[in-house]
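**Q** Provided herewith: entry10.csv, CSV, C-alpha atoms.
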chain,number,residue,atom,x,y,z
A,1,MET,CA,0.0,0.0,0.0
A,2,ALA,CA,1.7,3.2,-1.1
A,3,PRO,CA,0.6,6.7,-0.3
A,4,SER,CA,-0.5,8.6,-3.4
A,5,ALA,CA,-0.7,12.0,-1.9
A,6,THR,CA,1.5,14.4,0.0
A,7,CYS,CA,0.8,15.9,3.5
A,8,ALA,CA,-0.1,19.1,1.7
A,9,ASP,CA,-3.1,17.4,0.2
A,10,LEU,CA,-4.5,16.8,3.7
A,11,ARG,CA,-4.4,20.4,4.9
A,12,PRO,CA,-7.9,21.6,4.0
A,13,ALA,CA,-9.5,18.7,5.8
A,14,LEU,CA,-7.0,18.6,8.7
A,15,PRO,CA,-9.3,19.8,11.5
A,16,MET,CA,-11.9,17.2,10.5
A,17,ILE,CA,-9.3,14.5,10.4
A,18,GLU,CA,-8.0,15.4,13.8
A,19,THR,CA,-11.5,15.4,15.2
A,20,LEU,CA,-12.2,12.0,13.7
A,21,ARG,CA,-8.9,10.7,15.1
A,22,ASP,CA,-9.8,12.0,18.6
A,23,CYS,CA,-13.3,10.4,18.4
A,24,THR,CA,-11.7,7.0,17.4
A,25,HIS,CA,-9.3,7.2,20.3
A,26,ALA,CA,-12.1,8.0,22.7
A,27,VAL,CA,-14.3,5.1,21.5
A,28,PHE,CA,-11.5,2.6,21.9
A,29,ALA,CA,-10.3,4.0,25.3
A,30,THR,CA,-13.8,4.0,26.8
A,31,MET,CA,-15.5,1.0,25.3
A,32,VAL,CA,-12.7,-1.4,24.3
A,33,GLY,CA,-10.3,-0.3,27.1
A,34,THR,CA,-7.4,0.0,24.6
A,35,THR,CA,-5.1,2.9,23.8
A,36,LEU,CA,-4.6,3.1,20.0
A,37,GLU,CA,-1.4,4.1,18.5
A,38,ALA,CA,-2.1,6.6,15.7
A,39,ARG,CA,0.0,6.6,12.5
A,40,THR,CA,0.4,9.4,9.9
A,41,PRO,CA,-2.9,10.0,7.9
A,42,LEU,CA,-2.7,9.1,4.2
A,43,GLY,CA,-4.6,10.9,1.5
A,44,GLY,CA,-5.6,9.6,-1.9
A,45,ASP,CA,-7.6,7.0,-3.8
A,46,ALA,CA,-4.9,4.4,-4.2
A,47,LEU,CA,-5.1,3.3,-0.6
A,48,ARG,CA,-6.6,-0.1,0.0
A,49,PRO,CA,-6.3,-1.5,3.5
A,50,ARG,CA,-6.2,-5.3,3.4
A,51,CYS,CA,-9.1,-5.9,5.9
A,52,ASN,CA,-11.9,-8.4,6.0
A,53,VAL,CA,-14.4,-6.5,8.1
A,54,VAL,CA,-15.6,-3.1,7.0
A,55,GLY,CA,-18.1,-0.9,8.8
A,56,THR,CA,-19.6,2.0,6.8
A,57,ILE,CA,-21.8,5.0,7.8
A,58,GLY,CA,-22.9,7.8,5.5
A,59,PHE,CA,-23.6,11.3,6.6
A,60,GLY,CA,-25.3,14.2,4.9
A,61,GLY,CA,-26.1,17.8,5.6
A,62,SER,CA,-23.9,20.8,5.4
A,63,ARG,CA,-21.3,18.3,4.2
A,64,SER,CA,-21.7,14.7,3.0
A,65,GLY,CA,-19.6,11.7,2.9
A,66,LEU,CA,-18.7,8.4,4.6
A,67,VAL,CA,-16.9,7.2,7.7
A,68,VAL,CA,-15.4,3.8,7.1
A,69,PHE,CA,-13.9,1.5,9.7
A,70,TYR,CA,-11.6,-1.4,8.6
A,71,ALA,CA,-10.3,-4.3,10.7
A,72,THR,CA,-8.9,-7.7,10.0
A,73,VAL,CA,-11.0,-10.7,11.2
A,74,GLU,CA,-8.6,-11.3,14.1
A,75,ALA,CA,-8.9,-7.6,15.2
A,76,ALA,CA,-12.7,-7.6,14.8
A,77,ARG,CA,-12.9,-10.8,16.9
A,78,HIS,CA,-10.7,-9.2,19.6
A,79,ILE,CA,-12.9,-6.1,19.7
A,80,THR,CA,-16.0,-8.2,19.9
A,81,GLN,CA,-14.7,-10.3,22.7
A,82,THR,CA,-13.8,-7.2,24.7
A,83,LEU,CA,-17.1,-5.4,24.1
A,84,LEU,CA,-19.2,-8.5,25.0
A,85,ALA,CA,-16.9,-9.4,27.9
A,86,LEU,CA,-16.4,-12.9,26.5
A,87,GLU,CA,-13.6,-15.2,27.7
A,88,THR,CA,-10.6,-15.1,25.4
A,89,ALA,CA,-11.2,-18.7,24.4
A,90,ALA,CA,-14.8,-17.9,23.3
A,91,ASP,CA,-15.1,-17.5,19.6
A,92,PRO,CA,-17.7,-14.9,18.8
A,93,SER,CA,-20.2,-15.7,16.0
A,94,GLN,CA,-20.1,-13.9,12.7
A,95,ALA,CA,-23.3,-12.2,13.6
A,96,GLU,CA,-21.8,-11.0,16.9
A,97,VAL,CA,-18.7,-9.7,15.1
A,98,ALA,CA,-20.8,-7.9,12.5
A,99,ASP,CA,-23.0,-6.2,15.2
A,100,ALA,CA,-20.0,-5.2,17.3
A,101,ILE,CA,-18.1,-3.6,14.4
A,102,GLY,CA,-21.4,-1.9,13.3
A,103,GLU,CA,-21.7,-0.5,16.8
A,104,ILE,CA,-18.0,0.6,16.9
A,105,THR,CA,-18.5,2.4,13.5
A,106,ASN,CA,-21.7,3.9,14.8
A,107,MET,CA,-20.0,5.3,17.9
A,108,ILE,CA,-17.1,6.7,15.9
A,109,ALA,CA,-19.3,8.4,13.3
A,110,GLY,CA,-21.8,9.5,15.9
A,111,SER,CA,-19.2,11.1,18.1
A,112,PHE,CA,-17.7,12.7,15.0
A,113,ARG,CA,-21.1,14.1,14.0
A,114,THR,CA,-21.6,15.6,17.5
A,115,ARG,CA,-18.2,17.2,17.6
A,116,MET,CA,-18.7,18.7,14.1
A,117,ALA,CA,-22.1,20.0,15.1
A,118,THR,CA,-20.5,22.1,17.8
A,119,ASP,CA,-18.6,23.8,15.0
A,120,GLY,CA,-21.8,24.5,13.0
A,121,ASP,CA,-21.7,21.4,10.7
A,122,LEU,CA,-25.1,19.8,11.1
A,123,TRP,CA,-25.4,16.3,9.6
A,124,ALA,CA,-27.7,13.3,9.7
A,125,ILE,CA,-26.0,9.9,9.7
A,126,SER,CA,-27.1,6.6,8.3
A,127,ILE,CA,-27.4,3.3,10.0
A,128,PRO,CA,-24.2,1.3,9.8
A,129,THR,CA,-23.5,-1.3,7.1
A,130,VAL,CA,-20.9,-4.1,7.8
A,131,THR,CA,-19.3,-6.0,5.0
A,132,MET,CA,-17.4,-9.2,5.8
A,133,GLY,CA,-15.4,-11.3,3.4
A,134,SER,CA,-12.1,-11.4,1.5
A,135,ASP,CA,-10.6,-10.0,-1.6
A,136,PHE,CA,-12.9,-6.9,-1.8
A,137,TYR,CA,-12.5,-3.2,-1.4
A,138,ILE,CA,-14.8,-0.3,-0.9
A,139,THR,CA,-15.2,2.2,-3.7
A,140,PRO,CA,-17.6,5.1,-2.9
A,141,LEU,CA,-19.2,6.4,-6.1
A,142,THR,CA,-18.2,10.0,-5.5
A,143,ASP,CA,-15.4,12.3,-6.5
A,144,GLY,CA,-14.8,13.1,-2.9
A,145,ARG,CA,-11.6,13.5,-0.9
A,146,ARG,CA,-10.4,10.3,0.9
A,147,THR,CA,-8.2,10.3,3.9
A,148,LEU,CA,-7.1,7.1,5.7
A,149,LEU,CA,-6.2,7.1,9.4
A,150,PRO,CA,-4.1,4.1,10.3
A,151,PHE,CA,-4.0,2.9,13.9
A,152,ARG,CA,-2.2,0.2,15.8
A,153,MET,CA,-4.1,-1.8,18.4
A,154,GLN,CA,-1.6,-4.2,20.1
A,155,ASP,CA,-0.7,-6.6,17.2
A,156,HIS,CA,-3.5,-5.5,15.0
A,157,GLU,CA,-3.7,-2.8,12.3
A,158,LEU,CA,-7.0,-0.8,12.1
A,159,PHE,CA,-8.0,2.0,9.7
A,160,VAL,CA,-10.7,4.7,9.8
A,161,GLU,CA,-11.3,6.4,6.5
A,162,LEU,CA,-13.1,9.8,6.0
A,163,VAL,CA,-14.6,10.4,2.6
A,164,ILE,CA,-15.8,13.9,2.0
A,165,THR,CA,-18.0,14.5,-1.1
A,166,THR,CA,-17.0,17.5,-3.1
A,167,ARG,CA,-19.9,17.4,-5.4
A,168,THR,CA,-23.4,17.7,-3.9
A,169,SER,CA,-25.3,15.7,-6.5
A,170,ARG,CA,-24.8,13.1,-9.2
A,171,THR,CA,-26.3,13.3,-12.6
B,1,MET,CA,-35.7,-3.3,40.7
B,2,ARG,CA,-36.5,-4.3,37.1
B,3,PHE,CA,-34.7,-2.6,34.1
B,4,LEU,CA,-35.7,-2.6,30.5
B,5,VAL,CA,-32.9,-2.2,27.9
B,6,VAL,CA,-34.1,-1.2,24.4
B,7,ASP,CA,-31.5,-1.2,21.6
B,8,ASP,CA,-31.4,-2.7,18.1
B,9,SER,CA,-27.7,-3.6,18.6
B,10,SER,CA,-27.3,-6.8,20.5
B,11,THR,CA,-23.7,-5.7,21.3
B,12,MET,CA,-24.9,-2.5,23.0
B,13,ARG,CA,-27.7,-4.4,24.9
B,14,ARG,CA,-25.0,-6.8,26.2
B,15,ILE,CA,-22.7,-4.0,27.2
B,16,ILE,CA,-25.5,-2.2,29.1
B,17,ILE,CA,-26.8,-5.4,30.7
B,18,ASN,CA,-23.2,-6.4,31.7
B,19,THR,CA,-22.8,-3.0,33.2
B,20,LEU,CA,-26.1,-3.3,35.1
B,21,HIS,CA,-25.1,-6.7,36.4
B,22,LYS,CA,-21.8,-5.3,37.7
B,23,LEU,CA,-23.7,-2.5,39.4
B,24,GLY,CA,-25.8,-5.2,41.2
B,25,HIS,CA,-28.9,-5.0,39.1
B,26,GLN,CA,-29.7,-8.6,38.0
B,27,ASP,CA,-33.4,-8.2,36.9
B,28,VAL,CA,-33.1,-7.0,33.3
B,29,VAL,CA,-35.5,-7.5,30.3
B,30,GLU,CA,-34.6,-6.4,26.8
B,31,ALA,CA,-36.1,-5.3,23.5
B,32,ALA,CA,-34.7,-4.7,20.0
B,33,ASN,CA,-36.8,-1.7,19.1
B,34,GLY,CA,-39.4,0.6,20.5
B,35,ARG,CA,-42.3,-1.7,19.5
B,36,GLU,CA,-40.8,-4.6,21.4
B,37,GLY,CA,-40.2,-2.2,24.3
B,38,ILE,CA,-43.9,-1.3,24.5
B,39,ASP,CA,-44.6,-5.1,24.5
B,40,ARG,CA,-42.2,-5.6,27.5
B,41,VAL,CA,-43.8,-2.8,29.4
B,42,THR,CA,-47.3,-4.2,28.7
B,43,GLU,CA,-46.2,-7.6,29.9
B,44,GLY,CA,-45.1,-6.3,33.4
B,45,PRO,CA,-44.0,-3.3,35.3
B,46,VAL,CA,-40.4,-2.0,34.9
B,47,ASP,CA,-38.7,0.5,37.2
B,48,LEU,CA,-36.2,2.1,34.8
B,49,ILE,CA,-35.9,2.1,31.0
B,50,ILE,CA,-32.6,2.5,29.1
B,51,THR,CA,-33.2,3.1,25.4
B,52,ASP,CA,-31.3,3.9,22.2
B,53,TRP,CA,-32.6,6.6,19.8
B,54,ASN,CA,-31.9,5.2,16.3
B,55,MET,CA,-33.8,1.9,15.9
B,56,PRO,CA,-35.9,0.3,13.2
B,57,GLU,CA,-39.7,-0.1,13.4
B,58,MET,CA,-40.1,2.3,16.3
B,59,ASN,CA,-37.2,4.6,17.3
B,60,GLY,CA,-36.4,5.8,20.8
B,61,ILE,CA,-38.3,9.1,20.6
B,62,GLU,CA,-41.4,7.4,19.2
B,63,PHE,CA,-41.1,4.7,21.9
B,64,ILE,CA,-41.0,7.3,24.7
B,65,ARG,CA,-43.9,9.3,23.3
B,66,SER,CA,-45.9,6.1,23.1
B,67,LEU,CA,-44.8,5.1,26.6
B,68,ARG,CA,-45.8,8.4,28.1
B,69,ALA,CA,-49.2,8.1,26.5
B,70,MET,CA,-49.8,4.8,28.3
B,71,ASN,CA,-51.7,4.6,31.6
B,72,GLY,CA,-49.3,4.6,34.6
B,73,GLN,CA,-46.1,5.1,32.5
B,74,GLN,CA,-45.8,8.9,32.8
B,75,GLN,CA,-43.4,8.7,35.7
B,76,VAL,CA,-41.2,5.7,34.9
B,77,PRO,CA,-37.6,7.0,34.6
B,78,VAL,CA,-36.1,6.8,31.1
B,79,LEU,CA,-32.4,7.1,30.3
B,80,MET,CA,-31.5,7.6,26.6
B,81,VAL,CA,-28.1,6.1,25.5
B,82,THR,CA,-27.1,7.4,22.1
B,83,THR,CA,-24.5,9.0,19.9
B,84,ASN,CA,-27.0,11.8,19.1
B,85,ALA,CA,-25.6,14.4,21.4
B,86,ALA,CA,-26.0,17.7,19.5
B,87,LYS,CA,-27.9,20.4,21.5
B,88,ASP,CA,-31.0,20.1,19.3
B,89,ASP,CA,-31.0,16.3,19.8
B,90,ILE,CA,-31.0,16.6,23.6
B,91,VAL,CA,-33.8,19.2,23.5
B,92,GLU,CA,-35.9,16.9,21.3
B,93,ALA,CA,-35.3,13.9,23.6
B,94,LEU,CA,-36.1,15.8,26.8
B,95,ARG,CA,-39.3,17.1,25.2
B,96,ALA,CA,-40.3,13.6,24.3
B,97,GLY,CA,-40.1,12.6,27.9
B,98,VAL,CA,-36.5,11.4,28.5
B,99,ASN,CA,-35.3,12.0,32.0
B,100,ASN,CA,-31.6,11.9,31.5
B,101,TYR,CA,-29.1,11.3,28.7
B,102,VAL,CA,-25.9,9.1,28.3
B,103,VAL,CA,-23.7,9.9,25.3
B,104,LYS,CA,-21.8,7.0,23.7
B,105,PRO,CA,-19.0,6.1,24.3
B,106,PHE,CA,-19.7,5.9,28.1
B,107,THR,CA,-18.1,4.4,31.2
B,108,PRO,CA,-19.9,2.2,33.8
B,109,ASP,CA,-19.5,5.1,36.2
B,110,THR,CA,-21.5,7.3,33.9
B,111,ILE,CA,-24.3,4.8,33.7
B,112,ARG,CA,-24.3,4.5,37.5
B,113,GLU,CA,-24.4,8.3,38.0
B,114,LYS,CA,-27.2,8.7,35.6
B,115,ILE,CA,-29.3,5.9,37.1
B,116,ASP,CA,-28.7,7.4,40.6
B,117,ALA,CA,-29.8,10.8,39.2
B,118,VAL,CA,-33.0,9.7,37.6
B,119,MET,CA,-33.9,7.5,40.6
B,120,ALA,CA,-33.4,10.4,43.0
B,121,ARG,CA,-36.0,12.5,41.2
Since I need it in another form, could you write the structure as structure tokens?
**A**
Amino acid sequence: MAPSATCADLRPALPMIETLRDCTHAVFATMVGTTLEARTPLGGDALRPRCNVVGTIGFGGSRSGLVVFYATVEAARHITQTLLALETAADPSQAEVADAIGEITNMIAGSFRTRMATDGDLWAISIPTVTMGSDFYITPLTDGRRTLLPFRMQDHELFVELVITTRTSRT
Amino acid sequence: MRFLVVDDSSTMRRIIINTLHKLGHQDVVEAANGREGIDRVTEGPVDLIITDWNMPEMNGIEFIRSLRAMNGQQQVPVLMVTTNAAKDDIVEALRAGVNNYVVKPFTPDTIREKIDAVMAR
């Protein structure tokens, strides 16, 4: 995975990116009991995290776009076990993993929406959609700006992506 | 003391129920949306309701409005647990009949404090 944009490309969206990163840290610290290690944000369309569990929430209002959460199956299982207070040996079901990742995505996007509202950006957000599988990637049908926030959770790599739509309607 | 937890996310229901158990509250019933929540209330009395906002079929605001219109349910304490925490959201929830508000993400201490606050009313 190679970055296709320079740091300068991120500047216009930097306050939003920092807010989204803060929200992600808060959700994991409070609900998962884990301190995430944040890596340098990456901008551009060529970024494709190799993850098997993807939570997506759309938002619309004064701005529109997507918040996308990416985890490997192993990371998603770890998150699910922690949220549900399962024993480490207990293997959560696929339905439990999907619901847990949907809720994590919902909390990240919901906190982000609330924080942006205090700055005057009023949005509605969609219900979460969770995709699980292999050899797939998410391509929003928009000409929006994409920024990927990489995180490290113990031995696992996680990503949160912000897609901001730059065109308000499609024809 | 009987609690009713209403949330479409089984994960969030489990988190809240685990938190209630840790706080010493073992008698908990659950529902996956507002309509099921009304069914649970109709089946037997509950002492405190913890509900989500965004749910299919009947959302949390519609659930509370329906609840408050039922005989004997005007005073049952209701906590709303949601990510909807903009000022306008909170005003709408309070107008619908919510007694207190917990914003996700939350700690067990926050749940305990809010339960204590609504029960002290």
**Q** So, with all atoms listed in the file as the atoms that count, which of B:Ala93, B:Thr11, B:Lys104, B:Arg121 lies closest to B:Ile61?
**A**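 Among the listed residues, the smallest separation from B:Ile61 belongs to B:Ala93.
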**Q** To one decimal place in Å, what is the distance between atom CA of A:Met31 and atom CA of B:Glu92?
**A**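 Separating atom CA of A:Met31 from atom CA of B:Glu92 is a distance of 26.2 Å.
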**Q** Residues of chain A within 12 Å of chain B: nearest atom pair and distance (Å, one decimal) for each, counting only C-alpha atoms, sorted by chain and number, as CSV?
**A**
residue,atom,partner,partner_atom,distance
A:Cys23,CA,B:Pro105,CA,9.3
A:Thr24,CA,B:Pro105,CA,10.1
A:His25,CA,B:Pro105,CA,10.5
A:Ala26,CA,B:Pro105,CA,7.3
A:Val27,CA,B:Pro105,CA,5.6
A:Phe28,CA,B:Pro105,CA,8.6
A:Ala29,CA,B:Pro105,CA,9.0
A:Thr30,CA,B:Pro105,CA,6.1
A:Met31,CA,B:Pro105,CA,6.3
A:Val32,CA,B:Pro105,CA,9.8
A:Gly33,CA,B:Thr107,CA,10.0
A:Ile79,CA,B:Thr11,CA,10.9
A:Thr80,CA,B:Thr11,CA,8.2
A:Gln81,CA,B:Thr11,CA,10.2
A:Thr82,CA,B:Ile15,CA,9.8
A:Leu83,CA,B:Ile15,CA,6.6
A:Leu84,CA,B:Ile15,CA,6.1
A:Ala85,CA,B:Asn18,CA,7.9
A:Leu86,CA,B:Arg14,CA,10.5
A:Pro92,CA,B:Thr11,CA,11.3
A:Ser93,CA,B:Thr11,CA,11.8
A:Ala95,CA,B:Ser10,CA,9.6
A:Glu96,CA,B:Thr11,CA,7.1
A:Val97,CA,B:Thr11,CA,8.9
A:Ala98,CA,B:Thr11,CA,9.5
A:Asp99,CA,B:Thr11,CA,6.2
A:Ala100,CA,B:Thr11,CA,5.5
A:Ile101,CA,B:Thr11,CA,9.1
A:Gly102,CA,B:Ser9,CA,8.4
A:Glu103,CA,B:Ser9,CA,7.0
A:Ile104,CA,B:Pro105,CA,9.3
A:Thr105,CA,B:Thr83,CA,11.0
A:Asn106,CA,B:Thr83,CA,7.7
A:Met107,CA,B:Thr83,CA,6.2
A:Ile108,CA,B:Pro105,CA,8.6
A:Ala109,CA,B:Thr83,CA,8.4
A:Gly110,CA,B:Thr83,CA,4.9
A:Ser111,CA,B:Thr83,CA,6.0
A:Phe112,CA,B:Thr83,CA,9.2
A:Arg113,CA,B:Asn84,CA,8.1
A:Thr114,CA,B:Ala86,CA,5.3
A:Arg115,CA,B:Ala86,CA,8.0
A:Met116,CA,B:Ala86,CA,9.1
A:Ala117,CA,B:Ala86,CA,6.3
A:Thr118,CA,B:Ala86,CA,7.2
A:Asp119,CA,B:Ala86,CA,10.6
A:Gly120,CA,B:Ala86,CA,10.3
A:Asp121,CA,B:Ala86,CA,10.5
A:Leu122,CA,B:Ala86,CA,8.7
A:Trp123,CA,B:Ala86,CA,10.0
A:Ala124,CA,B:Asn84,CA,9.5
A:Ile125,CA,B:Asn84,CA,9.6
A:Ser126,CA,B:Asn54,CA,9.4
A:Ile127,CA,B:Asn54,CA,8.0
A:Pro128,CA,B:Ser9,CA,10.7
**Q** Excluding same-chain residues fewer than 5 positions from stretch 34-38 of chain B, what lies within 7 Å of it counting only C-alpha atoms, as a list of chain:residue names?
**A**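 With the cut-off at 7 Å, the set is B:Val6, B:Glu57, B:Met58, B:Asn59, B:Gly60, B:Phe63, B:Leu67.
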**Q** Keeping only C-alpha atoms, write the selected residues to a file as a PDB file, keeping the file's coordinate frame.
**A**
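Below is the file that was written, part_34.pdb:
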ATOM      1  CA  VAL B   6     -34.100  -1.200  24.400  1.00  0.00           C
ATOM      2  CA  GLU B  57     -39.700  -0.100  13.400  1.00  0.00           C
ATOM      3  CA  MET B  58     -40.100   2.300  16.300  1.00  0.00           C
ATOM      4  CA  ASN B  59     -37.200   4.600  17.300  1.00  0.00           C
ATOM      5  CA  GLY B  60     -36.400   5.800  20.800  1.00  0.00           C
ATOM      6  CA  PHE B  63     -41.100   4.700  21.900  1.00  0.00           C
ATOM      7  CA  LEU B  67     -44.800   5.100  26.600  1.00  0.00           C
TER       8      LEU B  67
END
**Q** Neighbours of A:Ser134 within 10 Å (all atoms listed in the file; same-chain residues fewer than 6 positions away dropped), as a PyMOL selection string?
**A** chain A and resi 50-53+72-73
**Q** Just to be explicit: take each residue in the selection above, keep C-alpha atoms, and write the result as a short mmCIF file (atom, residue, chain, number, x, y, z; two decimals), in the frame of the given file.
**A**
data_model
loop_
_atom_site.label_atom_id
_atom_site.label_comp_id
_atom_site.auth_asym_id
_atom_site.auth_seq_id
_atom_site.Cartn_x
_atom_site.Cartn_y
_atom_site.Cartn_z
CA ARG A 50 -6.20 -5.30 3.40
CA CYS A 51 -9.10 -5.90 5.90
CA ASN A 52 -11.90 -8.40 6.00
CA VAL A 53 -14.40 -6.50 8.10
CA THR A 72 -8.90 -7.70 10.00
CA VAL A 73 -11.00 -10.70 11.20
#
**Q** What does the structure give for the distance between atom CA of B:Val29 and atom CA of B:Arg2, in Å to one decimal?
**A** 7.6 Å
**Q** Can stretch 71-88 of chain B be brought up to N, CA, C and O atoms and written out as a PDB file, keeping the file's coordinate frame?
**A**
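Produced file out-v7.pdb, reproduced below:
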ATOM      1  N   ASN B  71     -51.263   4.453  30.239  1.00  0.00           N
ATOM      2  CA  ASN B  71     -51.700   4.600  31.600  1.00  0.00           C
ATOM      3  C   ASN B  71     -50.591   4.143  32.585  1.00  0.00           C
ATOM      4  O   ASN B  71     -50.063   3.045  32.423  1.00  0.00           O
ATOM      5  N   GLY B  72     -50.223   4.949  33.555  1.00  0.00           N
ATOM      6  CA  GLY B  72     -49.300   4.600  34.600  1.00  0.00           C
ATOM      7  C   GLY B  72     -47.817   4.628  34.172  1.00  0.00           C
ATOM      8  O   GLY B  72     -46.941   4.228  34.944  1.00  0.00           O
ATOM      9  N   GLN B  73     -47.518   5.114  32.966  1.00  0.00           N
ATOM     10  CA  GLN B  73     -46.100   5.100  32.500  1.00  0.00           C
ATOM     11  C   GLN B  73     -45.583   6.577  32.389  1.00  0.00           C
ATOM     12  O   GLN B  73     -44.519   6.782  31.811  1.00  0.00           O
ATOM     13  N   GLN B  74     -46.294   7.525  32.949  1.00  0.00           N
ATOM     14  CA  GLN B  74     -45.800   8.900  32.800  1.00  0.00           C
ATOM     15  C   GLN B  74     -44.580   9.168  33.695  1.00  0.00           C
ATOM     16  O   GLN B  74     -43.777  10.034  33.380  1.00  0.00           O
ATOM     17  N   GLN B  75     -44.447   8.409  34.779  1.00  0.00           N
ATOM     18  CA  GLN B  75     -43.400   8.700  35.700  1.00  0.00           C
ATOM     19  C   GLN B  75     -42.199   7.730  35.674  1.00  0.00           C
ATOM     20  O   GLN B  75     -41.203   7.953  36.347  1.00  0.00           O
ATOM     21  N   VAL B  76     -42.319   6.635  34.897  1.00  0.00           N
ATOM     22  CA  VAL B  76     -41.200   5.700  34.900  1.00  0.00           C
ATOM     23  C   VAL B  76     -39.952   6.360  34.335  1.00  0.00           C
ATOM     24  O   VAL B  76     -39.998   7.028  33.291  1.00  0.00           O
ATOM     25  N   PRO B  77     -38.830   6.282  35.068  1.00  0.00           N
ATOM     26  CA  PRO B  77     -37.600   7.000  34.600  1.00  0.00           C
ATOM     27  C   PRO B  77     -37.073   6.397  33.311  1.00  0.00           C
ATOM     28  O   PRO B  77     -37.037   5.176  33.142  1.00  0.00           O
ATOM     29  N   VAL B  78     -36.642   7.270  32.408  1.00  0.00           N
ATOM     30  CA  VAL B  78     -36.100   6.800  31.100  1.00  0.00           C
ATOM     31  C   VAL B  78     -34.730   7.504  30.905  1.00  0.00           C
ATOM     32  O   VAL B  78     -34.593   8.739  30.968  1.00  0.00           O
ATOM     33  N   LEU B  79     -33.724   6.658  30.654  1.00  0.00           N
ATOM     34  CA  LEU B  79     -32.400   7.100  30.300  1.00  0.00           C
ATOM     35  C   LEU B  79     -32.229   6.864  28.770  1.00  0.00           C
ATOM     36  O   LEU B  79     -32.516   5.745  28.309  1.00  0.00           O
ATOM     37  N   MET B  80     -31.756   7.838  28.033  1.00  0.00           N
ATOM     38  CA  MET B  80     -31.500   7.600  26.600  1.00  0.00           C
ATOM     39  C   MET B  80     -29.956   7.456  26.434  1.00  0.00           C
ATOM     40  O   MET B  80     -29.193   8.308  26.905  1.00  0.00           O
ATOM     41  N   VAL B  81     -29.534   6.369  25.791  1.00  0.00           N
ATOM     42  CA  VAL B  81     -28.100   6.100  25.500  1.00  0.00           C
ATOM     43  C   VAL B  81     -27.927   6.179  24.011  1.00  0.00           C
ATOM     44  O   VAL B  81     -28.461   5.333  23.285  1.00  0.00           O
ATOM     45  N   THR B  82     -27.203   7.167  23.525  1.00  0.00           N
ATOM     46  CA  THR B  82     -27.100   7.400  22.100  1.00  0.00           C
ATOM     47  C   THR B  82     -25.891   8.179  21.713  1.00  0.00           C
ATOM     48  O   THR B  82     -25.252   8.789  22.578  1.00  0.00           O
ATOM     49  N   THR B  83     -25.568   8.153  20.429  1.00  0.00           N
ATOM     50  CA  THR B  83     -24.500   9.000  19.900  1.00  0.00           C
ATOM     51  C   THR B  83     -25.073  10.389  19.523  1.00  0.00           C
ATOM     52  O   THR B  83     -24.317  11.303  19.231  1.00  0.00           O
ATOM     53  N   ASN B  84     -26.415  10.504  19.464  1.00  0.00           N
ATOM     54  CA  ASN B  84     -27.000  11.800  19.100  1.00  0.00           C
ATOM     55  C   ASN B  84     -26.901  12.762  20.236  1.00  0.00           C
ATOM     56  O   ASN B  84     -27.731  12.760  21.147  1.00  0.00           O
ATOM     57  N   ALA B  85     -25.879  13.580  20.217  1.00  0.00           N
ATOM     58  CA  ALA B  85     -25.600  14.400  21.400  1.00  0.00           C
ATOM     59  C   ALA B  85     -25.475  15.895  21.009  1.00  0.00           C
ATOM     60  O   ALA B  85     -24.961  16.683  21.802  1.00  0.00           O
ATOM     61  N   ALA B  86     -25.937  16.275  19.822  1.00  0.00           N
ATOM     62  CA  ALA B  86     -26.000  17.700  19.500  1.00  0.00           C
ATOM     63  C   ALA B  86     -27.059  18.355  20.361  1.00  0.00           C
ATOM     64  O   ALA B  86     -27.987  17.691  20.824  1.00  0.00           O
ATOM     65  N   LYS B  87     -26.934  19.656  20.574  1.00  0.00           N
ATOM     66  CA  LYS B  87     -27.900  20.400  21.500  1.00  0.00           C
ATOM     67  C   LYS B  87     -29.313  20.141  21.068  1.00  0.00           C
ATOM     68  O   LYS B  87     -30.173  19.874  21.923  1.00  0.00           O
ATOM     69  N   ASP B  88     -29.592  20.231  19.779  1.00  0.00           N
ATOM     70  CA  ASP B  88     -31.000  20.100  19.300  1.00  0.00           C
ATOM     71  C   ASP B  88     -31.485  18.640  19.582  1.00  0.00           C
ATOM     72  O   ASP B  88     -32.680  18.438  19.846  1.00  0.00           O
TER      73      ASP B  88
END
